[in-house]
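Enquirer: Next up is a structure, given as structure tokens.
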Amino acid sequence: MDLNKYIGVYPDYPSKGISFKDISPLLKEPKAFKYAIKELAKMAKRYNPTVICGPESRAFIFGAALAEKMGVGFVMARKPGKLPGKTISETYSLEYGEATLFVQENAFTKEDRVLLIDD
């Protein structure tokens with residue numbers, strides 16, 4: 001299945017030089033979404049993850065579905081101020097700036113094999 005036909009492309013959004021990929025059509029089409037998750041699970045299997053982690057917000061959709069398909073847990077990586085309790089964070093660069101994501105301090109164990117997924 002060609003998933004490209006289910007992804008809209010918006011040049012220069014949200015700023016000039018960025019090509020925004022709209023996954024809304026893929027999510028709306030059940031067969032395409034199911035196929036995408038099946039293919040992601042095939043690719044992810046070789047890493048033997050014990051948990052999937054995804055940054056908000058679109059990765060929550062794919063990450064949770066992938067975790068369910070693979071029979072592992074899912075951890076949300078959130079923007080500042082969105083998680084209760086003690087958290088740890090990481091700041092990283094984007095095409096158009098920086099962002100910081102947080103997970104709860106106890107989200108992972110030393111034994112976990114974490115697969116990070118983003119849209």
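Chain lettering (A, B, ...) mirrors the order of the structure tokens, residue numbering begins at 1 for each chain separately, and ligand numbering begins at 1 in order of display.
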Can you tell me, as a VMD selection string, what residues are no more than 8 Å from Gly54 (chain A) when counting only C-alpha atoms, ignoring any on the same chain fewer than 4 positions away?
Expert: chain A and resid 59 to 60 63 74 to 77 116 to 118
Enquirer: Could the residues in this selection be written to a file with N, CA and C atoms, as a short mmCIF file (atom, residue, chain, number, x, y, z; two decimals), in the first residue's frame?
Expert:
data_model
loop_
_atom_site.label_atom_id
_atom_site.label_comp_id
_atom_site.auth_asym_id
_atom_site.auth_seq_id
_atom_site.Cartn_x
_atom_site.Cartn_y
_atom_site.Cartn_z
N ALA A 59 2.71 11.78 17.95
CA ALA A 59 3.37 10.50 18.23
C ALA A 59 2.61 9.67 19.25
N PHE A 60 1.73 10.32 20.05
CA PHE A 60 0.89 9.56 20.98
C PHE A 60 0.02 8.58 20.20
N GLY A 63 2.45 5.91 18.59
CA GLY A 63 3.16 5.19 19.65
C GLY A 63 2.28 4.27 20.45
N PHE A 74 3.64 2.03 26.81
CA PHE A 74 3.84 3.30 26.12
C PHE A 74 4.07 4.40 27.14
N VAL A 75 5.06 5.26 26.89
CA VAL A 75 5.37 6.40 27.76
C VAL A 75 5.22 7.68 26.94
N MET A 76 4.48 8.63 27.48
CA MET A 76 4.30 9.92 26.82
C MET A 76 5.43 10.86 27.20
N ALA A 77 6.05 11.47 26.20
CA ALA A 77 7.02 12.54 26.44
C ALA A 77 6.24 13.84 26.22
N LEU A 116 11.95 5.09 20.56
CA LEU A 116 11.35 6.41 20.43
C LEU A 116 10.72 6.53 19.06
N ILE A 117 9.46 6.93 19.04
CA ILE A 117 8.74 7.08 17.78
C ILE A 117 8.22 8.51 17.68
N ASP A 118 8.29 9.07 16.49
CA ASP A 118 7.71 10.36 16.24
C ASP A 118 7.08 10.31 14.87
#
Enquirer: Nearest to Ala67 (chain A) among A:Pro80, A:Gly17, A:Pro55, A:Pro49, with distances taken over only C-alpha atoms: which residue is it?
Expert: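 Once distances to Ala67 (chain A) are computed over only C-alpha atoms, the minimum belongs to A:Pro49.
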Enquirer: Report, in Å with one decimal, the straight-line distance from CA of Ala32 (chain A) to CA of Ile61 (chain A).
Expert: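 Taking CA of Ala32 (chain A) and CA of Ile61 (chain A), their separation equals 13.9 Å.
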Enquirer: Just checking: using only C-alpha atoms, which residue out of A:Tyr92, A:Leu83, A:Pro14, A:Leu66 ends up closest to Glu105 (chain A)?
Expert: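 Closest residue, counting only C-alpha atoms: A:Leu83.
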Enquirer: Tell me, as a ChimeraX atom specification, which residues lie within 10 Å of Phe33 (chain A), counting only C-alpha atoms; anything in the same chain fewer than 6 positions away does not count.
Expert: /A:3,6,23,25-27,39,62,65
Enquirer: Return as a PyMOL selection string the full set of residues in region 15-106 of chain A whose backbone-based DSSP assignment is helix (DSSP H, G or I).
Expert: chain A and resi 24-28+30-45+58-70
Enquirer: Among chain A, which residues does DSSP mark as strand (DSSP E or B) when it is run on the backbone? Keep the chain and numbering as in the structure and answer as a PyMOL selection string.
Expert: chain A and resi 8-11+19-22+51-55+73-78+87-94+97-104+114-116
Enquirer: Skipping near chain neighbours, those fewer than 3 positions away, what residues fall within 10 Å of Asn4 (chain A) using only C-alpha atoms, listed as a count of residues only?
Expert: 7
Enquirer: Just give me the gap between CA of Met43 (chain A) and CA of Val103 (chain A) in Å, one decimal is fine.
Expert: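 Value for the CA of Met43 (chain A)-CA of Val103 (chain A) distance: 24.5 Å.
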Enquirer: What is the distance between CA of Phe102 (chain A) and CA of Lys79 (chain A), in Å to one decimal?
Expert: 6.2 Å
Enquirer: Tell me which of A:Tyr10, A:Thr87, A:Thr50, A:Ser19 sits closest to Lys110 (chain A), counting only C-alpha atoms.
Expert: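 That would be A:Thr50, the residue with the smallest distance to Lys110 (chain A).
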